[in-house]
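Asks: What follows is data-v4.pdb, made up of PDB, C-alpha atoms and all ligand atoms:
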```
ATOM      1  CA  MET A  16      -5.790 -32.793  28.525
ATOM      2  CA  SER A  17      -4.855 -32.959  24.831
ATOM      3  CA  ARG A  18      -2.031 -35.365  24.156
ATOM      4  CA  PRO A  19       1.330 -33.829  23.175
ATOM      5  CA  ILE A  20       1.949 -33.927  19.441
ATOM      6  CA  GLU A  21       5.122 -33.602  17.462
ATOM      7  CA  ILE A  22       5.179 -31.157  14.559
ATOM      8  CA  GLU A  23       7.763 -29.529  12.365
ATOM      9  CA  SER A  24       7.788 -25.781  12.816
ATOM     10  CA  PHE A  25      10.425 -23.335  11.540
ATOM     11  CA  GLN A  26      12.642 -26.272  10.448
ATOM     12  CA  GLU A  27      12.575 -27.764  13.930
ATOM     13  CA  LYS A  28      10.765 -30.728  15.399
ATOM     14  CA  ILE A  29       8.826 -29.482  18.423
ATOM     15  CA  PHE A  30       6.446 -31.087  20.900
ATOM     16  CA  ILE A  31       3.216 -29.209  21.383
ATOM     17  CA  GLN A  32       1.501 -29.713  24.700
ATOM     18  CA  ARG A  33      -0.958 -27.557  26.638
ATOM     19  CA  ILE A  34       1.557 -26.480  29.249
ATOM     20  CA  ILE A  35       4.755 -25.508  27.482
ATOM     21  CA  GLY A  36       6.538 -24.642  30.701
ATOM     22  CA  SER A  37       6.180 -23.221  34.179
ATOM     23  CA  VAL A  38       8.577 -21.607  36.619
ATOM     24  CA  GLN A  39       7.980 -20.730  40.258
ATOM     25  CA  GLY A  40      10.364 -18.104  41.596
ATOM     26  CA  ILE A  41      11.514 -17.081  45.056
ATOM     27  CA  LYS A  42       8.724 -14.503  45.449
ATOM     28  CA  GLU A  43       5.056 -15.344  45.087
ATOM     29  CA  SER A  44       4.231 -12.571  42.624
ATOM     30  CA  PRO A  45       3.884 -11.267  39.937
ATOM     31  CA  THR A  46       2.548 -13.988  37.650
ATOM     32  CA  VAL A  47       3.148 -13.840  33.897
ATOM     33  CA  ILE A  48       1.142 -16.108  31.602
ATOM     34  CA  ALA A  49       2.026 -16.271  27.895
ATOM     35  CA  ILE A  50      -0.078 -17.986  25.233
ATOM     36  CA  GLY A  51       1.251 -19.092  21.851
ATOM     37  CA  GLY A  52      -0.723 -20.362  18.857
ATOM     38  CA  ILE A  53      -4.293 -19.460  19.805
ATOM     39  CA  HIS A  54      -4.436 -19.280  16.009
ATOM     40  CA  GLY A  55      -3.041 -22.573  14.737
ATOM     41  CA  ASN A  56      -1.211 -21.092  11.746
ATOM     42  CA  GLU A  57       0.700 -18.735  14.054
ATOM     43  CA  ARG A  58       3.385 -21.037  15.418
ATOM     44  CA  ALA A  59       6.164 -18.513  16.103
ATOM     45  CA  GLY A  60       4.967 -17.919  19.673
ATOM     46  CA  VAL A  61       5.061 -21.634  20.507
ATOM     47  CA  ASN A  62       8.611 -22.032  19.145
ATOM     48  CA  ALA A  63       9.655 -18.935  21.107
ATOM     49  CA  LEU A  64       8.118 -20.115  24.385
ATOM     50  CA  ILE A  65       9.824 -23.513  24.086
ATOM     51  CA  LYS A  66      13.160 -21.734  23.532
ATOM     52  CA  VAL A  67      12.716 -19.305  26.447
ATOM     53  CA  PHE A  68      11.790 -22.083  28.914
ATOM     54  CA  LYS A  69      14.779 -24.125  27.690
ATOM     55  CA  THR A  70      17.136 -21.176  28.319
ATOM     56  CA  ILE A  71      15.635 -20.623  31.790
ATOM     57  CA  GLU A  72      16.271 -24.259  32.657
ATOM     58  CA  GLU A  73      19.710 -24.619  31.079
ATOM     59  CA  GLN A  74      21.044 -21.389  32.557
ATOM     60  CA  ASP A  75      19.241 -21.839  35.853
ATOM     61  CA  ILE A  76      17.836 -18.299  35.706
ATOM     62  CA  GLN A  77      16.479 -17.093  39.044
ATOM     63  CA  PHE A  78      12.920 -15.792  39.036
ATOM     64  CA  SER A  79      11.117 -13.526  41.457
ATOM     65  CA  GLY A  80       7.558 -14.385  40.441
ATOM     66  CA  ASN A  81       5.885 -17.082  38.363
ATOM     67  CA  PHE A  82       5.913 -17.678  34.633
ATOM     68  CA  TYR A  83       3.635 -20.010  32.647
ATOM     69  CA  GLY A  84       3.610 -20.757  28.922
ATOM     70  CA  ILE A  85       0.603 -22.403  27.315
ATOM     71  CA  SER A  86      -0.375 -23.555  23.821
ATOM     72  CA  GLY A  87      -3.533 -22.280  22.182
ATOM     73  CA  ASN A  88      -5.310 -24.291  19.496
ATOM     74  CA  ILE A  89      -3.353 -27.568  19.554
ATOM     75  CA  ALA A  90      -5.503 -29.384  16.969
ATOM     76  CA  ALA A  91      -5.147 -26.450  14.561
ATOM     77  CA  LEU A  92      -1.418 -26.074  15.294
ATOM     78  CA  ALA A  93      -0.989 -29.716  14.269
ATOM     79  CA  GLU A  94      -2.407 -28.869  10.852
ATOM     80  CA  ASN A  95      -0.970 -25.350  10.538
ATOM     81  CA  ILE A  96      -4.435 -23.856  10.053
ATOM     82  CA  ARG A  97      -6.016 -20.868  11.856
ATOM     83  CA  PHE A  98      -8.798 -23.037  13.328
ATOM     84  CA  GLN A  99     -10.910 -26.136  12.585
ATOM     85  CA  ASN A 100     -14.533 -25.025  13.070
ATOM     86  CA  VAL A 101     -14.496 -21.727  14.932
ATOM     87  CA  ASP A 102     -11.842 -19.163  15.759
ATOM     88  CA  LEU A 103     -10.569 -19.995  19.293
ATOM     89  CA  ASN A 104      -9.897 -16.288  19.805
ATOM     90  CA  ARG A 105     -13.533 -15.288  19.175
ATOM     91  CA  ILE A 106     -15.361 -17.482  21.696
ATOM     92  CA  TRP A 107     -14.421 -15.912  25.032
ATOM     93  CA  THR A 108     -17.926 -14.592  25.642
ATOM     94  CA  LYS A 109     -20.100 -15.252  28.709
ATOM     95  CA  GLU A 110     -22.466 -17.451  26.624
ATOM     96  CA  GLU A 111     -19.681 -19.660  25.244
ATOM     97  CA  ILE A 112     -18.074 -20.036  28.670
ATOM     98  CA  LEU A 113     -21.422 -20.990  30.153
ATOM     99  CA  LYS A 114     -21.586 -23.737  27.519
ATOM    100  CA  LEU A 115     -18.324 -25.178  28.905
ATOM    101  CA  HIS A 116     -20.077 -25.660  32.229
ATOM    102  CA  LEU A 117     -23.329 -27.028  30.848
ATOM    103  CA  GLU A 118     -22.543 -29.181  27.816
ATOM    104  CA  ASP A 119     -20.752 -32.535  27.792
ATOM    105  CA  ASP A 120     -20.372 -32.921  24.071
ATOM    106  CA  LEU A 121     -18.166 -29.945  23.205
ATOM    107  CA  GLU A 122     -16.963 -29.340  19.677
ATOM    108  CA  ILE A 123     -13.277 -29.247  18.926
ATOM    109  CA  GLU A 124     -12.470 -25.574  19.613
ATOM    110  CA  SER A 125     -14.649 -25.556  22.733
ATOM    111  CA  GLN A 126     -12.652 -28.534  24.026
ATOM    112  CA  GLU A 127      -9.457 -26.528  23.539
ATOM    113  CA  GLN A 128     -11.105 -23.546  25.213
ATOM    114  CA  ASN A 129     -12.221 -25.700  28.124
ATOM    115  CA  GLU A 130      -8.668 -26.904  28.832
ATOM    116  CA  ILE A 131      -7.252 -23.380  28.625
ATOM    117  CA  TYR A 132     -10.081 -21.952  30.740
ATOM    118  CA  THR A 133      -9.630 -24.615  33.441
ATOM    119  CA  PHE A 134      -5.880 -24.057  33.533
ATOM    120  CA  LEU A 135      -6.153 -20.255  33.679
ATOM    121  CA  LYS A 136      -8.722 -20.478  36.454
ATOM    122  CA  GLU A 137      -6.387 -22.714  38.426
ATOM    123  CA  ILE A 138      -3.432 -20.322  38.003
ATOM    124  CA  LEU A 139      -5.568 -17.347  39.035
ATOM    125  CA  HIS A 140      -6.637 -19.324  42.092
ATOM    126  CA  ILE A 141      -3.266 -20.621  43.270
ATOM    127  CA  GLU A 142      -0.942 -17.756  42.305
ATOM    128  CA  ASN A 143      -0.729 -14.159  43.425
ATOM    129  CA  GLY A 144      -1.264 -11.127  41.241
ATOM    130  CA  PRO A 145      -0.631  -8.836  39.614
ATOM    131  CA  PHE A 146      -1.255 -11.074  36.606
ATOM    132  CA  TYR A 147       0.197 -10.244  33.210
ATOM    133  CA  PHE A 148      -1.213 -12.024  30.155
ATOM    134  CA  LEU A 149       0.774 -12.039  26.913
ATOM    135  CA  ASP A 150      -0.892 -13.365  23.773
ATOM    136  CA  LEU A 151       1.576 -14.082  20.952
ATOM    137  CA  HIS A 152       0.386 -13.733  17.361
ATOM    138  CA  THR A 153       1.675 -13.288  13.803
ATOM    139  CA  THR A 154      -0.014 -11.765  10.753
ATOM    140  CA  SER A 155      -0.644 -12.825   7.151
ATOM    141  CA  SER A 156       0.850  -9.605   5.754
ATOM    142  CA  ASP A 157       4.420  -8.491   6.217
ATOM    143  CA  THR A 158       4.763  -6.316   9.312
ATOM    144  CA  GLN A 159       7.016  -4.796  11.888
ATOM    145  CA  PRO A 160       6.189  -5.985  15.431
ATOM    146  CA  PHE A 161       3.388  -4.171  17.247
ATOM    147  CA  ILE A 162       1.207  -4.444  20.349
ATOM    148  CA  THR A 163      -2.580  -4.443  20.615
ATOM    149  CA  ILE A 164      -4.389  -3.614  23.852
ATOM    150  CA  SER A 165      -7.809  -2.825  25.197
ATOM    151  CA  ASP A 166      -7.591   0.792  26.204
ATOM    152  CA  SER A 167      -7.113   0.797  29.967
ATOM    153  CA  LEU A 168      -4.622   2.740  32.034
ATOM    154  CA  ASN A 169      -2.744  -0.296  33.348
ATOM    155  CA  ASN A 170      -2.462  -1.787  29.833
ATOM    156  CA  ARG A 171      -1.121   1.503  28.464
ATOM    157  CA  LYS A 172       1.355   1.765  31.309
ATOM    158  CA  PHE A 173       2.685  -1.766  30.767
ATOM    159  CA  SER A 174       2.872  -1.385  26.977
ATOM    160  CA  SER A 175       4.944   1.804  27.488
ATOM    161  CA  ASN A 176       7.826  -0.505  28.401
ATOM    162  CA  PHE A 177       8.200  -1.475  24.746
ATOM    163  CA  SER A 178       9.367   0.921  22.043
ATOM    164  CA  ILE A 179       7.019  -0.430  19.401
ATOM    165  CA  PRO A 180       3.686   0.836  18.023
ATOM    166  CA  THR A 181       0.626   0.103  20.162
ATOM    167  CA  VAL A 182      -2.842  -0.083  18.645
ATOM    168  CA  LEU A 183      -5.663   0.715  21.050
ATOM    169  CA  GLY A 184      -9.217  -0.491  21.051
ATOM    170  CA  ILE A 185      -9.179  -3.336  18.514
ATOM    171  CA  GLU A 186     -11.406  -5.328  20.870
ATOM    172  CA  GLU A 187     -14.278  -2.972  20.110
ATOM    173  CA  TYR A 188     -14.310  -4.457  16.595
ATOM    174  CA  LEU A 189     -13.912  -8.094  17.602
ATOM    175  CA  GLU A 190     -16.298 -10.487  19.270
ATOM    176  CA  GLY A 191     -14.888 -12.636  22.070
ATOM    177  CA  PRO A 192     -11.081 -12.361  22.026
ATOM    178  CA  LEU A 193      -9.371 -13.994  25.024
ATOM    179  CA  LEU A 194      -7.594 -10.804  26.118
ATOM    180  CA  THR A 195     -10.819  -8.805  26.359
ATOM    181  CA  TYR A 196     -12.243 -11.494  28.621
ATOM    182  CA  LEU A 197      -9.170 -11.310  30.884
ATOM    183  CA  ASN A 198      -9.199  -7.504  30.834
ATOM    184  CA  GLU A 199     -12.692  -7.498  32.208
ATOM    185  CA  TYR A 200     -11.294  -9.017  35.385
ATOM    186  CA  GLY A 201      -8.820  -6.129  35.616
ATOM    187  CA  HIS A 202      -5.722  -8.081  34.564
ATOM    188  CA  ILE A 203      -3.048  -6.600  32.339
ATOM    189  CA  ALA A 204      -3.264  -8.193  28.909
ATOM    190  CA  LEU A 205      -1.146  -7.451  25.829
ATOM    191  CA  GLY A 206      -1.387  -8.895  22.354
ATOM    192  CA  PHE A 207       1.983  -9.073  20.626
ATOM    193  CA  GLU A 208       2.061  -9.383  16.831
ATOM    194  CA  ALA A 209       5.572 -10.520  16.012
ATOM    195  CA  GLY A 210       5.716 -10.397  12.207
ATOM    196  CA  GLN A 211       4.621 -12.475   9.236
ATOM    197  CA  HIS A 212       3.442 -16.076   9.952
ATOM    198  CA  GLU A 213       6.245 -17.891   8.134
ATOM    199  CA  LYS A 214       9.194 -15.606   8.808
ATOM    200  CA  GLU A 215      11.916 -16.860  11.136
ATOM    201  CA  VAL A 216      12.352 -13.331  12.508
ATOM    202  CA  SER A 217       8.852 -13.598  14.037
ATOM    203  CA  VAL A 218      10.215 -16.283  16.411
ATOM    204  CA  ASP A 219      13.161 -14.026  17.327
ATOM    205  CA  ASN A 220      10.807 -11.088  17.941
ATOM    206  CA  CYS A 221       8.604 -13.223  20.235
ATOM    207  CA  ILE A 222      11.689 -14.328  22.190
ATOM    208  CA  ALA A 223      12.848 -10.703  22.586
ATOM    209  CA  PHE A 224       9.360  -9.597  23.629
ATOM    210  CA  LEU A 225       9.022 -12.386  26.226
ATOM    211  CA  TRP A 226      12.332 -11.529  27.925
ATOM    212  CA  LEU A 227      11.541  -7.803  27.941
ATOM    213  CA  ALA A 228       8.060  -8.485  29.333
ATOM    214  CA  LEU A 229       9.456 -10.717  32.102
ATOM    215  CA  VAL A 230      11.731  -7.851  33.137
ATOM    216  CA  ALA A 231       9.035  -5.152  32.744
ATOM    217  CA  SER A 232       6.706  -7.144  34.999
ATOM    218  CA  ASN A 233       9.469  -7.546  37.635
ATOM    219  CA  CYS A 234       9.551 -11.307  37.314
ATOM    220  CA  LEU A 235      13.222 -11.016  36.393
ATOM    221  CA  GLN A 236      16.076  -8.579  36.846
ATOM    222  CA  LYS A 237      17.601  -7.216  33.626
ATOM    223  CA  GLU A 238      20.957  -8.638  34.671
ATOM    224  CA  ALA A 239      19.532 -12.161  34.809
ATOM    225  CA  VAL A 240      18.552 -12.117  31.128
ATOM    226  CA  PRO A 241      21.213 -13.284  28.714
ATOM    227  CA  LYS A 242      21.522 -10.710  25.900
ATOM    228  CA  TYR A 243      18.975  -8.285  27.424
ATOM    229  CA  SER A 244      20.277  -5.175  25.635
ATOM    230  CA  PHE A 245      20.445  -7.096  22.359
ATOM    231  CA  TYR A 246      16.746  -7.952  22.677
ATOM    232  CA  GLN A 247      15.869  -4.420  23.690
ATOM    233  CA  HIS A 248      17.827  -2.989  20.783
ATOM    234  CA  ASN A 249      16.313  -5.472  18.329
ATOM    235  CA  LEU A 250      12.726  -4.672  19.165
ATOM    236  CA  SER A 251      13.261  -0.919  19.423
ATOM    237  CA  LEU A 252      14.863  -0.833  15.956
ATOM    238  CA  PHE A 253      11.410  -0.514  14.549
ATOM    239  CA  LYS A 254      10.377   2.790  16.131
ATOM    240  CA  GLU A 255      12.453   5.070  18.314
ATOM    241  CA  GLN A 256       9.583   6.204  20.422
ATOM    242  CA  GLN A 257       6.408   4.418  21.213
ATOM    243  CA  VAL A 258       3.426   5.571  19.170
ATOM    244  CA  PHE A 259      -0.221   4.915  20.025
ATOM    245  CA  TYR A 260      -2.752   4.373  17.246
ATOM    246  CA  LYS A 261      -6.530   4.338  17.169
ATOM    247  CA  ILE A 262      -8.699   2.454  14.712
ATOM    248  CA  ASP A 263     -10.763   4.661  12.379
ATOM    249  CA  TYR A 264     -12.247   2.117   9.988
ATOM    250  CA  ARG A 265     -12.749  -1.607   9.555
ATOM    251  CA  HIS A 266     -13.685  -3.524   6.420
ATOM    252  CA  SER A 267     -15.518  -6.573   7.713
ATOM    253  CA  ILE A 268     -15.991  -9.535   5.397
ATOM    254  CA  LYS A 269     -19.549 -10.750   5.118
ATOM    255  CA  PRO A 270     -20.491 -14.423   4.823
ATOM    256  CA  PHE A 271     -19.972 -15.641   1.219
ATOM    257  CA  GLU A 272     -18.148 -12.437   0.292
ATOM    258  CA  ASN A 273     -15.267 -13.089  -2.093
ATOM    259  CA  PHE A 274     -12.603 -10.771  -0.645
ATOM    260  CA  LYS A 275      -9.186 -10.282  -2.202
ATOM    261  CA  MET A 276      -6.648  -7.755  -1.007
ATOM    262  CA  VAL A 277      -4.540  -6.103  -3.730
ATOM    263  CA  SER A 278      -1.111  -7.717  -3.325
ATOM    264  CA  GLY A 279       1.942  -6.042  -1.825
ATOM    265  CA  PHE A 280       0.462  -3.943   0.980
ATOM    266  CA  ARG A 281       2.399  -3.783   4.226
ATOM    267  CA  ASN A 282       1.055  -3.246   7.702
ATOM    268  CA  PHE A 283       1.256   0.462   8.729
ATOM    269  CA  GLN A 284       1.614   1.507   5.071
ATOM    270  CA  LYS A 285       0.337   5.048   4.448
ATOM    271  CA  ILE A 286      -2.698   5.095   2.177
ATOM    272  CA  SER A 287      -4.801   7.879   0.677
ATOM    273  CA  LYS A 288      -8.531   8.305   0.399
ATOM    274  CA  ARG A 289      -9.908   6.566  -2.716
ATOM    275  CA  GLU A 290      -6.784   4.360  -3.124
ATOM    276  CA  LEU A 291      -7.627   0.900  -4.480
ATOM    277  CA  LEU A 292      -7.088  -1.622  -1.654
ATOM    278  CA  ALA A 293      -9.029  -4.764  -2.475
ATOM    279  CA  PHE A 294     -11.748  -6.468  -4.506
ATOM    280  CA  SER A 295     -15.010  -7.612  -2.970
ATOM    281  CA  ASN A 296     -17.053  -9.889  -5.233
ATOM    282  CA  GLN A 297     -14.935  -8.531  -8.127
ATOM    283  CA  LYS A 298     -15.888  -4.928  -7.271
ATOM    284  CA  GLU A 299     -13.242  -2.376  -6.301
ATOM    285  CA  VAL A 300     -12.859  -1.518  -2.621
ATOM    286  CA  VAL A 301     -11.204   1.878  -2.140
ATOM    287  CA  ALA A 302     -10.014   3.573   1.029
ATOM    288  CA  PRO A 303     -12.829   5.721   2.462
ATOM    289  CA  ILE A 304     -10.314   7.903   4.367
ATOM    290  CA  ASP A 305      -6.607   8.729   4.555
ATOM    291  CA  GLY A 306      -4.580   6.860   7.161
ATOM    292  CA  GLU A 307      -2.326   3.873   7.691
ATOM    293  CA  LEU A 308      -3.381   0.431   6.556
ATOM    294  CA  PHE A 309      -3.596  -2.108   9.380
ATOM    295  CA  MET A 310      -3.719  -5.905   9.199
ATOM    296  CA  PRO A 311      -4.540  -6.350   5.495
ATOM    297  CA  LEU A 312      -5.780  -9.939   5.088
ATOM    298  CA  TYR A 313      -3.670 -12.220   2.916
ATOM    299  CA  GLN A 314      -5.077 -15.583   4.035
ATOM    300  CA  PRO A 315      -8.359 -17.359   3.327
ATOM    301  CA  LYS A 316      -9.688 -17.478   6.910
ATOM    302  CA  GLY A 317     -10.639 -14.330   8.820
ATOM    303  CA  ASP A 318     -13.485 -11.823   9.122
ATOM    304  CA  ASP A 319     -11.556  -8.596   8.822
ATOM    305  CA  GLY A 320     -10.344  -7.504   5.396
ATOM    306  CA  PHE A 321      -8.340  -4.562   6.691
ATOM    307  CA  PHE A 322      -8.406  -1.698   9.158
ATOM    308  CA  ILE A 323      -7.384   1.939   8.749
ATOM    309  CA  ILE A 324      -5.627   3.504  11.733
ATOM    310  CA  SER A 325      -4.152   6.872  12.694
ATOM    311  CA  LYS A 326      -1.747   8.133  15.340
ATOM    312  CA  ILE A 327      -3.154   9.551  18.549
ATOM    313  CA  SER A 328      -1.543  12.815  19.565
ATOM    314  CA  ARG A 329       0.056  13.142  23.003
ATOM    315  CA  PHE A 330      -2.546  15.797  23.841
ATOM    316  CA  TRP A 331      -5.457  13.381  23.321
ATOM    317  CA  LEU A 332      -3.633  10.651  25.188
ATOM    318  CA  SER A 333      -3.191  12.754  28.292
ATOM    319  CA  LEU A 334      -6.711  14.129  28.031
ATOM    320  CA  SER A 335      -8.098  10.613  27.801
ATOM    321  CA  ARG A 336      -5.961   9.576  30.778
ATOM    322  CA  PHE A 337      -7.517  12.415  32.749
ATOM    323  CA  CYS A 338     -11.020  11.441  31.582
ATOM    324  CA  ARG A 339     -10.438   7.851  32.607
ATOM    325  CA  LYS A 340      -9.289   8.895  36.037
ATOM    326  CA  ILE A 341     -12.547  10.710  36.610
ATOM    327  CA  GLN A 342     -14.384   7.841  34.883
ATOM    328  CA  PHE A 343     -15.591   9.922  32.025
ATOM    329  CA  HIS A 344     -15.813   6.928  29.742
ATOM    330  CA  HIS A 345     -18.541   8.076  27.440
ATOM    331  CA  VAL A 346     -17.146  11.512  26.807
ATOM    332  CA  LEU A 347     -13.871   9.826  25.978
ATOM    333  CA  LYS A 348     -15.452   7.637  23.334
ATOM    334  CA  LEU A 349     -16.903  10.724  21.674
ATOM    335  CA  LEU A 350     -13.544  12.466  21.740
ATOM    336  CA  LEU A 351     -11.453   9.652  20.252
TER
HETATM  337 ZN    ZN A 401      -3.633 -14.332  15.514
END
```
What do you get writing this file as structure tokens?
Replies:
Amino acid sequence: MSRPIEIESFQEKIFIQRIIGSVQGIKESPTVIAIGGIHGNERAGVNALIKVFKTIEEQDIQFSGNFYGISGNIAALAENIRFQNVDLNRIWTKEEILKLHLEDDLEIESQEQNEIYTFLKEILHIENGPFYFLDLHTTSSDTQPFITISDSLNNRKFSSNFSIPTVLGIEEYLEGPLLTYLNEYGHIALGFEAGQHEKEVSVDNCIAFLWLALVASNCLQKEAVPKYSFYQHNLSLFKEQQVFYKIDYRHSIKPFENFKMVSGFRNFQKISKRELLAFSNQKEVVAPIDGELFMPLYQPKGDDGFFIISKISRFWLSLSRFCRKIQFHHVLKLLL
């Protein structure tokens, strides 16, 4: 196991260790597992997990199921960088996991992956499901909080507990994110994007999300959570009703491409076709379609310049739910 390290994060000295905390409740299930800092420059989730576990201990909060908090890329967290050699959230493929079994001399991110993989396997073995995975992130651009999920019925159902925008299907554009790997085993897995990397409010949003998720998963009763309605109110300030989005376009950054986003764009900002968004090798990049801008990149590391998303109507949502029930996967892809 990686040795605990002390860092300064959000004006606090914190200890980062693989297992941030664990609680075993009076019932054997459900089991909630939250991960903070799988990207090392996204520390808000780690600060939030430390705070939530401290509150649980200090106030002796009674749990029904189990709750684990784990750190992501510890070596990168220590340096406040997204990753050292490879993105730890892009190597959860069958080939890379096979490498963990076969190779002795793993490179730095694979060592981190190996520890997380071993720990997750152990939890899945010793604890009872249902299992809920929560992956805490922040973004380089300014944003309101939002959720990302692979589009499955149980993910949609769980994300409906939160009155914040939910973006479906991002995994189709990404290679090897952890949540997609977990989804393939049928577990519920939500990505929570809390706000901008450096903003204190991102820590507060992660804390609110964690408490709400512990209640939504039935690990905790509402009444057991100090300030439950405050957290609920705080997160739902952003949107009154939950809205689902689909991804219509992605600008991927090629190797050696010099990509620069035009400054000042916000996540979910409405944009029009042909609007100037960025420069790629000094050439203008304009929006190919109307929509809402999603995850514009304002940091040096990353493969996605921006996405363009649009709202999914309730009609399509219920139609796709019906299609999924009768396992009409391919038709669904054509429709959405
Ligand atoms: Zn991230």
Asks: Distance limit 7 Å, reference ligand ZN 401 (chain A), atoms considered: all atoms listed in the file. Which residues make the cut? Give them as a PyMOL selection string.
Replies: chain A and resi 53-54+57+152-154
Asks: Applying the PyMOL selection byres (((chain A and resi 202-217) around 7) and not hetatm) to the file I just gave you, which residues come out? Please list them as a PyMOL selection string.
Replies: chain A and resi 25+57+59+146-164+169-170+194+197-198+200-201+218-221
Asks: Expand the PyMOL selection byres (((chain A and resi 292) around 9) and not hetatm) into the individual residues it matches in the shown file, reporting them as a VMD selection string.
Replies: chain A and resid 275 to 278 280 286 289 to 291 293 to 294 299 to 302 311 321
Asks: May I ask for the distance between CA of Ser295 in chain A and CA of Gln314 in chain A, given in Å to one decimal place?
Replies: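 Going from CA of Ser295 in chain A over to CA of Gln314 in chain A, I get 14.5 Å.
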Asks: Taking every listed atom of range 290-303 of chain A and adding 4 Å to each side, what centre and edge lengths in Å (one decimal) does the axis-aligned box have, as JSON?
Replies:
```
{"center_x": -11.9, "center_y": -2.1, "center_z": -2.8, "size_x": 18.3, "size_y": 23.6, "size_z": 18.6}
```
Asks: Can you work out which one of A:Phe224, A:Gly306, A:Phe98, A:Gly51 has the shortest atom-to-atom distance to Tyr243 in chain A, counting all atoms listed in the file?
Replies: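 Among the listed residues, A:Phe224 lies closest to Tyr243 in chain A.
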Asks: From the set A:Lys326, A:Lys269, A:Ala223, A:Tyr196, which residue has the shortest atom-to-atom contact distance to Val67 in chain A, counting all atoms listed in the file?
Replies: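 Among the listed residues, the smallest separation from Val67 in chain A belongs to A:Ala223.
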Asks: Distance CA of Ile85 in chain A-CA of Trp107 in chain A, one decimal place?
Replies: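 Taking CA of Ile85 in chain A and CA of Trp107 in chain A, their separation equals 16.5 Å.
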Asks: When the PyMOL selection byres (((chain A and resi 226-240) around 8) and not hetatm) is applied to the structure above, which residues does it catch, written out as a ChimeraX atom specification?
Replies: /A:44-47,67,76-82,147,173,176-177,222-225,241-243,246-247
